[in-house]
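*Asks:* Please see the structure below; I have some questions.
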Amino acid sequence: MIEKLLEIAGKAGFEAMKYYGSAEGTIQKEDESPLTLADCASHRCIMDLLREAYPEIPVLSEESSEEELAGRTNWHKFWLVDPLDGTKEFIKQSGEFTVNIALVVGKEPVAGVIHAPVLRKSWFAEKGEGAFLRVDGESPKTLRCRQWSAKRPIFVASRDHAGPQVKTLIEKYPAAVTTSMGSSLKFCLVAEGKADLYLRDVPTMEWDTAAAQVIVEEAGGQLTDLQGERLSYNKAVLRNPALLTRGDPAFWPELG
């Protein structure tokens, strides 16, 4: 299944890249977030390929219509997709955008792929099978989160969506190095052992986190709300609470 998901994510990234660097076709959605032709092309590609390969499993995508999502609360197993995570980064041509595909069973993601077309990297995991990074043309590398060290902690923050609690956290750890990045790549830094902590106090949606959650957890980390509860999926409302991604589950930061 993972190989098929990597193939689908790669093809969706290829479709999105056809619009990379183009100023045409960007509109504002109802929540004032941008939507590009690349989002739509990636969405269509993933929907078509998942339905062809797994016709029995429904798909919940960020760009799905209300009609397509009718009855979703009764789904036991479904695909959860963000066809282009980091649309602002796509528009800015930073390269920091991804295609995210996860398989959710019950209320938890059990398999996930994050593909970064410009970087030519794919992060992937299945529950109980470990987490891996594949760089274009190379063999997969096993991922492992790093142990917390107070001497030189590394925090990662959203480039476009850092909230007030992030500022407070940074102030409490003056020795910390903080790096900014777009899309689900922030989770990947924790999974790779290149960062200790990612605090997101500005809301996200379930499709932003599902694939990342499997990858982080299989690399030894945790993705929870600010009370330490593991995120749940296919909720009545798809918005996530504020979240905390930790590479070392034994460490809990001072959040103020």
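Residues are referred to by chain and number: the chain letter is A, B, ... according to the order shown in the structure tokens, the number counts from 1 in that chain, and ligands are numbered separately from 1 in the order shown.
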Can you pull out every residue from region 148-224 of chain A that DSSP, working from the backbone, puts in strand (DSSP E), and format the result as a ChimeraX atom specification?
*Replies:* /A:154-158,177-181,197-200,222-224
*Asks:* Skipping near chain neighbours, those fewer than 4 positions away, what residues fall within 8 Å of Ile101 (chain A) using only C-alpha atoms, listed as number ranges by chain?
*Replies:* A: 5, 9, 79-83, 112-114, 210-211
*Asks:* Could you check the closest approach to Gly163 (chain A) for each of A:Arg51, A:Lys107, A:Arg72, A:Arg200 and tell me which residue wins, using only C-alpha atoms?
*Replies:* A:Arg200
*Asks:* Could you produce a table of the residues of region 106-147 of chain A lying within 10 Å of region 190-199 of chain A, with the nearest pair of atoms per residue and their separation in Å rounded to one decimal, using only C-alpha atoms, ordered by chain and increasing residue number, as a tab-separated table?
*Replies:*
```
residue	atom	partner	partner_atom	distance
A:Trp123	CA	A:Ala191	CA	9.1
A:Ala131	CA	A:Ala191	CA	8.1
A:Phe132	CA	A:Glu192	CA	8.7
A:Leu133	CA	A:Glu192	CA	8.2
A:Lys141	CA	A:Glu192	CA	9.6
A:Thr142	CA	A:Glu192	CA	8.6
A:Leu143	CA	A:Glu192	CA	5.3
A:Arg144	CA	A:Glu192	CA	5.8
A:Cys145	CA	A:Gly193	CA	4.1
A:Arg146	CA	A:Gly193	CA	4.6
A:Gln147	CA	A:Asp196	CA	7.8
```
*Asks:* Find the residue from A:Ala12, A:Ala175, A:Thr98, A:Ala212 that sits nearest to Ser149 (chain A); use only C-alpha atoms when measuring.
*Replies:*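 Of A:Ala12, A:Ala175, A:Thr98, A:Ala212, the one nearest Ser149 (chain A) is A:Ala175, counting only C-alpha atoms.
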*Asks:* Find, counting only C-alpha atoms, the residue in A:Met205, A:Leu185, A:Val166, A:Ala111 that gets nearest to Val237 (chain A).
*Replies:* A:Met205
*Asks:* Go through A:His43, A:Lys11, A:Arg152, A:His76 one by one, measure the shortest atom-to-atom distance of each to Tyr233 (chain A) using only C-alpha atoms, and give the residue with the smallest value.
*Replies:*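 Among A:His43, A:Lys11, A:Arg152, A:His76, it is A:His76 that comes nearest to Tyr233 (chain A).
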*Asks:* I want to know what sits within 12 Å of Asp48 (chain A), based on only C-alpha atoms, with residues of the same chain fewer than 2 positions away left out; could you give that as a list in words?
*Replies:* Ile8, Ala9, Lys11, Ala12, Ala41, Ser42, His43, Arg44, Cys45, Ile46, Leu50, Arg51, Glu52, Ala53, Tyr54, Pro55, Pro58 and Val59 of chain A
*Asks:* Please identify which residues in region 142-214 of chain A DSSP calls alpha helix (DSSP H) from the backbone, and express them as number ranges by chain.
*Replies:* A: 164-172, 185-191, 206-214
